[in-house]
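**Student:** Below is the file data19.txt, with compact mmCIF, C-alpha atoms.
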# COMPACT_ATOMS: atom_id res chain seq x y z
CA MET A 1 7.25 -20.89 7.48
CA GLN A 2 7.46 -18.46 4.64
CA THR A 3 8.33 -19.79 1.25
CA THR A 4 11.40 -18.30 -0.29
CA ASN A 5 12.47 -19.47 -3.64
CA LEU A 6 16.22 -19.09 -3.22
CA LYS A 7 18.11 -18.97 -6.47
CA THR A 8 21.50 -17.70 -7.50
CA SER A 9 22.27 -16.11 -10.86
CA LEU A 10 24.70 -17.18 -13.57
CA LEU A 11 25.39 -13.58 -14.57
CA LYS A 12 29.02 -12.61 -13.91
CA PRO A 13 29.81 -9.22 -12.37
CA GLU A 14 32.71 -8.68 -14.83
CA ALA A 15 30.24 -8.88 -17.73
CA ALA A 16 28.06 -6.10 -16.34
CA LEU A 17 27.41 -2.96 -18.37
CA HIS A 18 27.40 -0.70 -15.31
CA SER A 19 28.40 -0.99 -11.68
CA PHE A 20 27.55 1.61 -9.05
CA VAL A 21 28.03 1.72 -5.29
CA VAL A 22 25.31 3.49 -3.31
CA GLU A 23 26.66 4.65 0.04
CA ALA A 24 24.58 4.35 3.20
CA GLY A 25 21.94 7.09 3.35
CA ASP A 26 22.24 7.98 -0.33
CA PRO A 27 19.59 7.96 -3.04
CA PHE A 28 20.16 6.49 -6.48
CA VAL A 29 18.16 6.79 -9.71
CA VAL A 30 18.76 4.85 -12.95
CA GLU A 31 16.81 3.84 -16.05
CA ILE A 32 16.76 0.15 -16.96
CA THR A 33 15.59 -0.77 -20.44
CA GLN A 34 13.43 -3.75 -21.36
CA GLY A 35 15.38 -7.00 -21.20
CA GLN A 36 18.22 -5.67 -19.08
CA TYR A 37 19.02 -7.26 -15.74
CA VAL A 38 19.65 -5.34 -12.54
CA ARG A 39 21.19 -6.78 -9.41
CA ILE A 40 21.18 -5.14 -5.98
CA VAL A 41 24.01 -6.49 -3.82
CA ASP A 42 23.98 -6.17 -0.05
CA LEU A 43 27.73 -5.51 0.28
CA GLU A 44 28.14 -5.80 4.05
CA GLY A 45 24.95 -7.57 5.11
CA ASN A 46 21.55 -6.83 6.62
CA GLN A 47 21.03 -3.53 4.86
CA ALA A 48 17.45 -2.45 4.07
CA VAL A 49 17.27 -1.20 0.49
CA ASP A 50 14.07 0.69 -0.22
CA THR A 51 13.31 0.57 -3.93
CA ILE A 52 10.53 1.97 -6.16
CA PHE A 53 10.09 1.19 -9.84
CA TYR A 54 8.24 3.37 -12.38
CA ASN A 55 7.23 2.88 -16.00
CA ALA A 56 10.05 4.89 -17.62
CA HIS A 57 7.59 6.43 -20.09
CA ASP A 58 4.84 7.28 -17.59
CA TYR A 59 5.85 7.92 -14.01
CA ALA A 60 2.19 7.88 -12.91
CA ASP A 61 2.32 4.15 -13.66
CA ARG A 62 4.43 2.69 -10.88
CA TYR A 63 5.03 -0.34 -8.69
CA SER A 64 1.98 -1.39 -6.71
CA ALA A 65 2.61 -3.65 -3.73
CA GLN A 66 -1.08 -4.51 -3.39
CA ASP A 67 -1.55 -5.45 -7.06
CA THR A 68 1.69 -7.44 -7.03
CA ILE A 69 0.82 -9.61 -4.04
CA ARG A 70 -2.83 -10.05 -5.02
CA GLU A 71 -1.98 -11.13 -8.57
CA GLN A 72 0.42 -13.81 -7.32
CA GLY A 73 -1.78 -14.69 -4.34
CA ASN A 74 1.15 -14.51 -1.94
CA VAL A 75 2.49 -11.68 0.18
CA TYR A 76 6.20 -12.50 -0.19
CA LEU A 77 8.38 -11.43 -3.10
CA THR A 78 10.90 -13.98 -4.31
CA THR A 79 12.36 -15.55 -7.46
CA GLY A 80 9.65 -15.67 -10.14
CA THR A 81 7.59 -12.82 -8.70
CA SER A 82 6.32 -10.35 -11.29
CA LEU A 83 6.31 -6.78 -10.01
CA VAL A 84 2.98 -5.34 -11.17
CA SER A 85 2.29 -1.64 -11.73
CA THR A 86 -0.75 0.42 -10.80
CA SER A 87 -1.96 0.14 -14.42
CA GLY A 88 -1.51 -3.63 -14.42
CA ASN A 89 1.77 -3.81 -16.34
CA VAL A 90 4.55 -6.21 -15.38
CA LEU A 91 7.49 -3.91 -14.69
CA LEU A 92 10.13 -6.49 -13.78
CA THR A 93 10.48 -10.13 -12.79
CA ILE A 94 12.69 -11.30 -9.94
CA THR A 95 15.20 -13.69 -11.52
CA ALA A 96 17.38 -14.43 -8.51
CA ASP A 97 16.96 -13.99 -4.78
CA MET A 98 19.47 -15.04 -2.14
CA HIS A 99 17.89 -13.62 0.97
CA ALA A 100 15.13 -15.47 2.64
CA CYS A 101 13.03 5.33 4.24
CA ARG A 102 11.70 8.17 2.50
CA ASN A 103 13.71 11.50 2.82
CA SER A 104 16.34 9.93 0.69
CA PHE A 105 13.72 9.09 -1.98
CA LEU A 106 12.66 12.73 -2.12
CA LYS A 107 16.25 13.86 -2.61
CA GLY A 108 16.69 11.26 -5.34
CA ILE A 109 13.67 12.25 -7.44
CA GLN A 110 14.42 15.96 -6.97
CA GLN A 111 17.95 15.41 -8.27
CA TRP A 112 16.51 13.37 -11.17
CA ASN A 113 14.63 16.59 -12.08
CA ARG A 114 11.96 15.20 -14.42
CA GLY A 115 8.95 16.82 -12.77
CA MET A 116 8.49 14.22 -10.03
CA ASP A 117 7.72 15.19 -6.45
CA LYS A 118 6.54 13.79 -3.14
CA ARG A 119 3.25 12.64 -4.70
CA ASP A 120 5.25 10.10 -6.70
CA ILE A 121 6.78 8.38 -3.69
CA THR A 122 4.60 5.34 -3.43
CA SER A 123 4.92 2.28 -1.24
CA ASN A 124 8.32 0.79 -1.89
CA ILE A 125 9.87 -2.63 -1.72
CA ASN A 126 12.15 -3.37 1.20
CA PHE A 127 14.70 -5.68 -0.33
CA PHE A 128 16.65 -7.68 2.28
CA MET A 129 13.98 -7.12 4.94
CA ASN A 130 11.93 -9.82 6.61
CA VAL A 131 8.50 -8.88 8.03
CA PRO A 132 6.41 -12.07 8.28
CA VAL A 133 2.62 -11.91 8.41
CA THR A 134 1.00 -14.41 10.77
CA PRO A 135 -2.28 -16.26 10.07
CA ASP A 136 -4.01 -14.27 12.83
CA GLY A 137 -3.18 -11.01 11.11
CA ASN A 138 -0.16 -9.83 13.03
CA LEU A 139 3.11 -8.51 11.68
CA THR A 140 6.31 -9.70 13.26
CA PHE A 141 9.72 -8.18 12.73
CA GLU A 142 12.74 -10.36 12.39
CA ASP A 143 16.34 -9.37 12.03
CA GLY A 144 17.53 -8.85 8.50
CA VAL A 145 17.88 -12.15 6.73
CA SER A 146 20.67 -11.03 4.47
CA ASP A 147 24.41 -11.70 4.70
CA ALA A 148 27.26 -9.81 3.08
CA GLY A 149 27.34 -10.31 -0.69
CA LYS A 150 23.77 -11.58 -0.99
CA TYR A 151 21.67 -10.06 -3.73
CA VAL A 152 18.35 -9.82 -5.52
CA GLU A 153 18.29 -9.71 -9.31
CA LEU A 154 15.52 -8.62 -11.66
CA ARG A 155 14.84 -8.56 -15.38
CA ALA A 156 13.11 -5.48 -16.79
CA GLU A 157 9.97 -6.53 -18.70
CA MET A 158 9.58 -2.96 -19.95
CA ASP A 159 11.62 0.25 -19.72
CA VAL A 160 11.64 1.20 -16.05
CA LEU A 161 13.03 3.86 -13.77
CA MET A 162 14.54 2.53 -10.56
CA VAL A 163 14.75 4.81 -7.53
CA ILE A 164 16.64 3.57 -4.48
CA SER A 165 16.90 4.92 -0.97
CA ASN A 166 19.66 3.13 0.84
CA CYS A 167 17.76 3.26 4.13
CA PRO A 168 19.42 5.85 6.36
CA GLN A 169 17.57 4.65 9.45
CA LEU A 170 19.96 4.42 12.40
CA ASN A 171 17.49 3.04 14.92
CA ASN A 172 16.51 -0.13 13.08
CA PRO A 173 17.85 -3.53 14.09
CA CYS A 174 17.65 -4.70 10.47
CA ASN A 175 21.12 -3.46 9.73
CA GLY A 176 22.51 -3.97 13.22
CA TYR A 177 22.15 -0.18 13.68
CA ASN A 178 24.93 0.15 11.13
CA PRO A 179 23.90 1.43 7.69
CA THR A 180 26.10 0.09 4.92
CA PRO A 181 26.60 0.51 1.14
CA VAL A 182 24.98 -1.52 -1.64
CA GLN A 183 26.19 -2.23 -5.18
CA ILE A 184 24.02 -1.93 -8.30
CA LEU A 185 25.01 -4.03 -11.33
CA ILE A 186 23.26 -3.75 -14.71
CA TRP A 187 23.65 -6.26 -17.55
CA ASP A 188 22.56 -5.86 -21.14
CA LYS A 189 19.70 -8.02 -22.46
CA ASN A 190 21.97 -10.21 -24.58
CA VAL A 191 24.37 -11.10 -21.77
CA GLN A 192 25.35 -14.76 -21.56
CA MET B 193 -25.01 10.09 20.44
CA GLU B 194 -27.97 10.39 18.09
CA SER B 195 -28.31 14.11 18.88
CA SER B 196 -24.95 14.84 17.28
CA LEU B 197 -25.93 13.21 14.00
CA LEU B 198 -25.27 15.68 11.17
CA TRP B 199 -25.83 13.68 8.00
CA LYS B 200 -27.03 10.32 6.79
CA GLU B 201 -27.16 8.79 3.32
CA VAL B 202 -27.08 5.47 1.49
CA LEU B 203 -24.17 4.69 -0.81
CA PRO B 204 -25.33 2.10 -3.38
CA GLY B 205 -23.18 -0.89 -4.37
CA GLY B 206 -20.51 -0.23 -7.02
CA ALA B 207 -20.49 3.50 -6.32
CA THR B 208 -17.84 6.05 -5.34
CA TRP B 209 -18.19 8.71 -2.66
CA SER B 210 -15.97 11.44 -1.29
CA HIS B 211 -16.19 13.99 1.46
CA VAL B 212 -13.85 16.24 3.41
CA LEU B 213 -14.37 14.80 6.87
CA LYS B 214 -13.60 17.58 9.35
CA ARG B 215 -11.51 17.19 12.48
CA GLY B 216 -14.02 16.74 15.31
CA THR B 217 -16.44 14.66 13.28
CA ALA B 218 -16.72 10.95 12.66
CA LEU B 219 -17.94 8.86 9.75
CA ARG B 220 -19.84 5.68 10.50
CA ILE B 221 -20.14 3.13 7.72
CA THR B 222 -22.86 0.52 8.28
CA ASP B 223 -23.09 -2.70 6.30
CA THR B 224 -26.88 -2.75 6.10
CA GLU B 225 -27.24 -6.04 4.17
CA GLY B 226 -24.07 -7.91 5.24
CA ASP B 227 -20.95 -8.89 3.31
CA ALA B 228 -20.29 -5.40 1.95
CA ASN B 229 -16.88 -4.23 0.80
CA VAL B 230 -15.84 -0.60 1.08
CA ALA B 231 -12.49 0.35 -0.44
CA ALA B 232 -11.16 3.50 1.23
CA TYR B 233 -8.40 6.04 0.71
CA PHE B 234 -7.49 9.15 2.69
CA LEU B 235 -5.59 12.39 2.07
CA ASN B 236 -4.92 15.56 4.06
CA PHE B 237 -7.36 17.94 2.35
CA GLU B 238 -5.17 20.98 3.08
CA ASN B 239 -2.01 19.48 1.60
CA SER B 240 -2.93 16.52 -0.55
CA SER B 241 0.67 15.40 -1.03
CA GLU B 242 0.23 14.12 2.53
CA ARG B 243 -1.76 10.92 2.21
CA PHE B 244 -2.54 7.58 3.79
CA ASN B 245 0.57 5.46 4.21
CA LEU B 246 -0.37 1.81 4.46
CA PRO B 247 3.06 0.32 5.26
CA ASP B 248 3.66 2.80 8.09
CA THR B 249 0.15 2.14 9.42
CA LEU B 250 0.75 -1.62 9.56
CA LYS B 251 4.36 -1.46 10.78
CA ALA B 252 3.69 1.05 13.56
CA GLN B 253 0.84 -1.02 14.97
CA HIS B 254 2.38 -4.43 14.19
CA THR B 255 -0.71 -5.56 12.36
CA ALA B 256 -1.87 -6.95 9.02
CA ARG B 257 -5.56 -6.33 9.77
CA LEU B 258 -7.44 -3.25 10.95
CA ARG B 259 -9.89 -3.03 13.82
CA ALA B 260 -11.01 -0.78 16.69
CA GLY B 261 -8.10 1.00 18.37
CA HIS B 262 -6.04 1.26 15.20
CA VAL B 263 -5.30 4.54 13.47
CA LEU B 264 -4.58 5.41 9.83
CA PHE B 265 -1.22 7.17 9.53
CA SER B 266 -0.21 9.67 6.87
CA ASP B 267 3.21 9.58 5.25
CA MET B 268 4.14 12.50 7.53
CA GLY B 269 3.59 10.48 10.70
CA ARG B 270 0.32 12.19 11.58
CA VAL B 271 -3.01 10.48 12.27
CA LEU B 272 -5.60 11.00 9.53
CA CYS B 273 -8.36 8.93 11.15
CA SER B 274 -8.84 6.68 14.16
CA ILE B 275 -10.99 3.56 14.18
CA THR B 276 -13.03 4.34 17.28
CA GLU B 277 -15.74 1.74 16.84
CA ASP B 278 -15.86 -1.53 14.98
CA THR B 279 -18.12 -4.56 15.30
CA VAL B 280 -16.25 -6.67 12.72
CA GLY B 281 -12.71 -7.07 14.08
CA TRP B 282 -10.94 -7.63 10.78
CA HIS B 283 -10.72 -5.22 7.87
CA ASP B 284 -8.40 -6.07 4.98
CA PRO B 285 -5.49 -3.70 4.36
CA ILE B 286 -3.45 -5.82 1.95
CA ALA B 287 -5.39 -6.93 -1.16
CA GLY B 288 -5.92 -3.52 -2.79
CA ILE B 289 -8.66 -2.52 -5.21
CA SER B 290 -10.34 -3.92 -8.30
CA ASN B 291 -9.54 -2.47 -11.72
CA ALA B 292 -11.29 -2.63 -15.10
CA ALA B 293 -9.32 -5.65 -16.35
CA LEU B 294 -9.93 -7.62 -13.16
CA ILE B 295 -13.68 -6.92 -13.18
CA GLU B 296 -14.01 -7.85 -16.86
CA LYS B 297 -12.04 -11.07 -16.34
CA LYS B 298 -14.19 -12.11 -13.37
CA TYR B 299 -17.65 -10.96 -14.42
CA GLY B 300 -17.51 -10.25 -18.16
CA LYS B 301 -17.84 -7.02 -20.06
CA THR B 302 -20.68 -4.53 -19.68
CA THR B 303 -21.27 -1.14 -21.24
CA TYR B 304 -23.09 1.82 -19.81
CA GLN B 305 -25.19 2.06 -22.99
CA GLN B 306 -26.54 -1.47 -22.49
CA SER B 307 -26.55 -1.88 -18.74
CA ARG B 308 -27.10 1.69 -17.57
CA ASN B 309 -26.63 1.91 -13.82
CA GLY B 310 -26.23 -1.86 -13.66
CA TRP B 311 -22.85 -1.80 -15.41
CA TYR B 312 -19.89 -3.29 -13.64
CA GLN B 313 -17.89 -0.62 -11.88
CA ASN B 314 -14.38 -1.03 -10.57
CA ALA B 315 -12.77 0.72 -7.63
CA ARG B 316 -9.65 2.05 -9.36
CA ASP B 317 -11.53 3.95 -12.07
CA GLY B 318 -14.02 5.18 -9.48
CA PHE B 319 -11.23 6.54 -7.31
CA LEU B 320 -9.40 8.14 -10.25
CA ILE B 321 -12.57 9.95 -11.37
CA GLU B 322 -13.22 11.11 -7.82
CA LEU B 323 -9.61 12.30 -7.37
CA GLY B 324 -9.99 14.19 -10.67
CA LYS B 325 -12.70 16.32 -9.07
CA TYR B 326 -10.06 17.60 -6.67
CA GLY B 327 -7.44 18.21 -9.36
CA MET B 328 -5.59 14.96 -8.71
CA GLY B 329 -4.86 11.85 -10.75
CA PRO B 330 -3.10 8.48 -10.86
CA ARG B 331 0.02 9.83 -9.12
CA ASP B 332 -2.11 10.51 -6.06
CA LEU B 333 -3.69 7.08 -5.65
CA HIS B 334 -1.55 4.90 -3.41
CA ALA B 335 -2.33 1.83 -1.29
CA THR B 336 -5.90 1.52 0.01
CA VAL B 337 -7.86 -0.50 2.58
CA ASN B 338 -10.99 -2.69 2.29
CA PHE B 339 -13.46 -2.27 5.13
CA PHE B 340 -15.67 -5.26 6.05
CA SER B 341 -13.52 -7.74 4.08
CA LYS B 342 -11.07 -10.33 5.37
CA VAL B 343 -8.02 -11.85 3.69
CA VAL B 344 -5.86 -14.23 5.71
CA VAL B 345 -2.24 -15.11 5.05
CA ASP B 346 -0.96 -18.60 5.84
CA ASP B 347 2.51 -19.56 7.05
CA SER B 348 3.75 -19.73 3.46
CA GLY B 349 2.44 -16.28 2.64
CA ASN B 350 -0.52 -17.48 0.56
CA MET B 351 -3.54 -15.16 0.65
CA GLU B 352 -7.07 -16.43 1.08
CA TYR B 353 -10.31 -14.43 0.92
CA VAL B 354 -12.66 -15.26 3.81
CA GLY B 355 -16.32 -14.66 3.00
CA ASN B 356 -19.18 -13.81 5.39
CA ASN B 357 -16.84 -11.66 7.47
CA SER B 358 -19.36 -8.91 8.07
CA PRO B 359 -22.86 -9.76 9.36
CA LYS B 360 -25.80 -7.52 8.49
CA GLY B 361 -25.73 -4.38 10.63
CA SER B 362 -21.97 -4.37 11.16
CA TYR B 363 -20.37 -0.95 11.37
CA ILE B 364 -17.06 0.83 11.64
CA GLU B 365 -16.59 4.40 12.83
CA LEU B 366 -13.72 6.61 11.68
CA ARG B 367 -12.95 9.72 13.72
CA ALA B 368 -11.21 12.39 11.67
CA GLU B 369 -8.08 13.69 13.44
CA MET B 370 -7.35 16.09 10.56
CA ASN B 371 -9.48 17.55 7.77
CA VAL B 372 -9.39 14.41 5.71
CA LEU B 373 -10.49 13.89 2.13
CA VAL B 374 -12.11 10.47 2.40
CA LEU B 375 -12.76 8.42 -0.74
CA LEU B 376 -14.95 5.32 -0.62
CA ASN B 377 -15.92 2.79 -3.26
CA THR B 378 -18.39 -0.08 -2.88
CA SER B 379 -17.24 -2.33 -5.75
CA PRO B 380 -16.73 -6.01 -4.82
CA HIS B 381 -13.50 -6.94 -3.08
CA PRO B 382 -10.97 -7.97 -5.78
CA LEU B 383 -10.72 -11.47 -4.28
CA ASN B 384 -14.47 -11.93 -3.68
CA THR B 385 -15.37 -15.47 -4.74
CA ASP B 386 -19.00 -14.79 -5.71
CA PRO B 387 -19.28 -15.47 -9.48
CA GLN B 388 -22.00 -12.81 -9.74
CA TYR B 389 -21.19 -9.10 -9.67
CA ALA B 390 -23.22 -8.23 -6.58
CA PRO B 391 -21.87 -5.14 -4.80
CA LYS B 392 -23.64 -4.21 -1.57
CA PRO B 393 -24.83 -0.79 -0.41
CA VAL B 394 -23.75 0.77 2.86
CA GLU B 395 -25.19 3.52 5.03
CA LEU B 396 -22.99 6.51 5.78
CA SER B 397 -23.53 8.83 8.71
CA ILE B 398 -21.52 11.78 9.99
CA SER B 399 -21.63 12.92 13.61
CA ARG B 400 -19.91 15.51 15.72
CA VAL B 401 -17.71 13.75 18.29
CA PRO B 402 -15.71 14.89 21.34
CA THR B 403 -11.98 15.60 21.11
CA PRO B 404 -10.01 12.48 22.10
CA MET B 405 -8.79 12.50 25.70
CA ARG B 406 -5.30 11.58 26.87
CA ASP B 407 -6.46 8.08 27.68
CA ASP B 408 -8.14 7.58 24.30
CA ARG B 409 -7.96 3.96 23.23
CA CYS B 410 -6.47 4.74 19.81
CA ARG B 411 -3.99 7.24 21.20
CA THR B 412 -2.64 4.84 23.83
CA LEU B 413 -2.56 1.66 21.73
CA CYS B 414 1.22 1.94 21.27
CA PRO B 415 3.91 4.64 21.62
CA GLU B 416 3.84 5.22 17.84
CA ASN B 417 0.14 6.15 18.01
CA THR B 418 0.72 8.54 20.91
CA ARG B 419 3.48 10.22 18.93
CA GLY B 420 1.20 10.40 15.89
CA PHE B 421 -1.48 12.19 17.94
CA VAL B 422 1.11 14.63 19.36
CA MET B 423 2.35 15.41 15.84
CA THR B 424 -1.23 15.93 14.70
CA GLU B 425 -1.99 18.26 17.62
CA LEU B 426 1.14 20.26 16.77
CA TYR B 427 -0.13 20.62 13.19
CA PHE B 428 -3.32 22.28 14.49
CA LEU B 429 -1.59 24.70 16.93
Translate the structure of the given file into structure tokens.

**Tutor:**
Amino acid sequence: MQTTNLKTSLLKPEAALHSFVVEAGDPFVVEITQGQYVRIVDLEGNQAVDTIFYNAHDYADRYSAQDTIREQGNVYLTTGTSLVSTSGNVLLTITADMHACRNSFLKGIQQWNRGMDKRDITSNINFFMNVPVTPDGNLTFEDGVSDAGKYVELRAEMDVLMVISNCPQLNNPCNGYNPTPVQILIWDKNVQ
Amino acid sequence: MESSLLWKEVLPGGATWSHVLKRGTALRITDTEGDANVAAYFLNFENSSERFNLPDTLKAQHTARLRAGHVLFSDMGRVLCSITEDTVGWHDPIAGISNAALIEKKYGKTTYQQSRNGWYQNARDGFLIELGKYGMGPRDLHATVNFFSKVVVDDSGNMEYVGNNSPKGSYIELRAEMNVLVLLNTSPHPLNTDPQYAPKPVELSISRVPTPMRDDRCRTLCPENTRGFVMTELYFL
């Protein structure tokens, strides 16, 4: 079955620079500078967290799912995966991974108010979702694989903009039809 | 139907092509030599912020390969194109397009001054130049598909390029359900294992085709496709 490189982080929440809670259905936008760590915590379990990353200095250069999976030769994102941009830059690296919607994005980038619009909403990452690909080319959907308190953590390899849509979908079994909040923690680059 | 044929041309290997494919017409792409790769991208010509959405296309139809019966969804839930005919059975939607760095790493560096039309082209730059002709740029280029190519994924998620997927004479036909800006590029597939840069030409033909009926194969493939067709019909009311 699919390879997941499960790894927990040594970073302590009390040492974080920032902590935000993103309520169900809400967007969230934040800049993360090179070397900083960001952790997305699934507070109540099985939430789908749609996330897009941009080069903070050039929003036309953004996360590319196809370039990311092709460069690593594997379709699953896990600890060690480098998230590659459309221009071939490594935006972030996944440093810890404990887990084996779009209107909200639009609201988020409009509130951010830096000249971005619907054209900038590219294919996102579904953290905490599990959609295995089979060898005969089918997609299967499994229930969310995430439990309360599980997280994914990334290190910024360059200055990036993170845009989150905390999936407001009500008709998706991934969150047990119950959308829930997530927590965002950011640590400085020199954190121990 | 040969009588409805409106246009025919050859697209050489390593080249980029675009056309606004009108609702009611279909584009047939024929792999005349075998083993071609055609990267493709689609936008609503009337509102280009509406474009091909790969994840929705794969999720709605529960597939990681494209073949006859499948449709290409926009990010607004409408159907841009339907795959009405296909002799191959597997077109790659996951591996994306080549870029300048990838082509140089695989095949070495060429310049236009030295190599003229034989220089090594890549799909990303080809698409960006083509989008520029319509006033668009890098923000507008999202995930793409590769017709005639096959990439399989094993149980661990590892991707493998499968060569000789498309015999000589293979074709795929795309029926436009909207007025669709279609972009094509015939650079080699980014995972192609041939050490030589050897892009293949394809033949393109455009025909007038009948409006899909209620029992159309693409429309009835799954409830999501039916809804996509209804949304598209509403758009044209």

**Student:** Find the spatial neighbours of segment 396-404 of chain B, counting all atoms listed in the file, within a cut-off of 8 Å - ignore same-chain residues fewer than 4 positions away - and output them as a PyMOL selection string.

**Tutor:** chain B and resi 196-203+216-222+367+408

**Student:** Can you work out the spacing between atom CA of Glu14 of chain A and atom CA of Ile186 of chain A in Å, to one decimal?

**Tutor:**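 Separating atom CA of Glu14 of chain A from atom CA of Ile186 of chain A is a distance of 10.7 Å.
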
**Student:** Counting all atoms listed in the file, a student should be able to say which residues of chain A come within 9 Å of chain B; what is the right answer, written as JSON, numbers by chain?

**Tutor:** {"A": [1, 2, 3, 4, 59, 60, 61, 62, 64, 65, 66, 67, 69, 70, 72, 73, 74, 75, 76, 86, 87, 88, 117, 118, 119, 120, 121, 122, 123, 124, 131, 132, 133, 134, 135, 136, 137, 138, 139, 140, 141]}

**Student:** So what do you get for atom CA of Arg259 of chain B versus atom CA of Gly206 of chain B, distance-wise?

**Tutor:** 23.6 Å

**Student:** Name all residues at most 12 Å from segment 302-311 of chain B (count all atoms listed in the file; drop same-chain ones fewer than 3 positions away) and give them as an mmCIF file with C-alpha atoms, keeping the file's coordinate frame.

**Tutor:**
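Wrote it out as result-v6.cif, contents follow:
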data_model
loop_
_atom_site.group_PDB
_atom_site.id
_atom_site.type_symbol
_atom_site.label_atom_id
_atom_site.label_comp_id
_atom_site.auth_asym_id
_atom_site.auth_seq_id
_atom_site.Cartn_x
_atom_site.Cartn_y
_atom_site.Cartn_z
ATOM 1 C CA PRO B 204 -25.330 2.100 -3.380
ATOM 2 C CA GLY B 205 -23.180 -0.890 -4.370
ATOM 3 C CA GLY B 206 -20.510 -0.230 -7.020
ATOM 4 C CA ALA B 207 -20.490 3.500 -6.320
ATOM 5 C CA ALA B 292 -11.290 -2.630 -15.100
ATOM 6 C CA ALA B 293 -9.320 -5.650 -16.350
ATOM 7 C CA ILE B 295 -13.680 -6.920 -13.180
ATOM 8 C CA GLU B 296 -14.010 -7.850 -16.860
ATOM 9 C CA LYS B 297 -12.040 -11.070 -16.340
ATOM 10 C CA LYS B 298 -14.190 -12.110 -13.370
ATOM 11 C CA TYR B 299 -17.650 -10.960 -14.420
ATOM 12 C CA ASN B 314 -14.380 -1.030 -10.570
ATOM 13 C CA SER B 379 -17.240 -2.330 -5.750
ATOM 14 C CA TYR B 389 -21.190 -9.100 -9.670
ATOM 15 C CA ALA B 390 -23.220 -8.230 -6.580
ATOM 16 C CA PRO B 391 -21.870 -5.140 -4.800
#

**Student:** Hey, which of A:Met116, A:Leu43, A:Val22, A:Val84 ends up closest to Thr68 of chain A? Count only C-alpha atoms.

**Tutor:**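 Comparing A:Met116, A:Leu43, A:Val22, A:Val84 against Thr68 of chain A, the winner is A:Val84.
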
**Student:** When you count all atoms listed in the file, which of these residues is closest to Gly355 of chain B: B:Glu277, B:Leu429, B:Asn384, B:Met370?

**Tutor:** B:Asn384
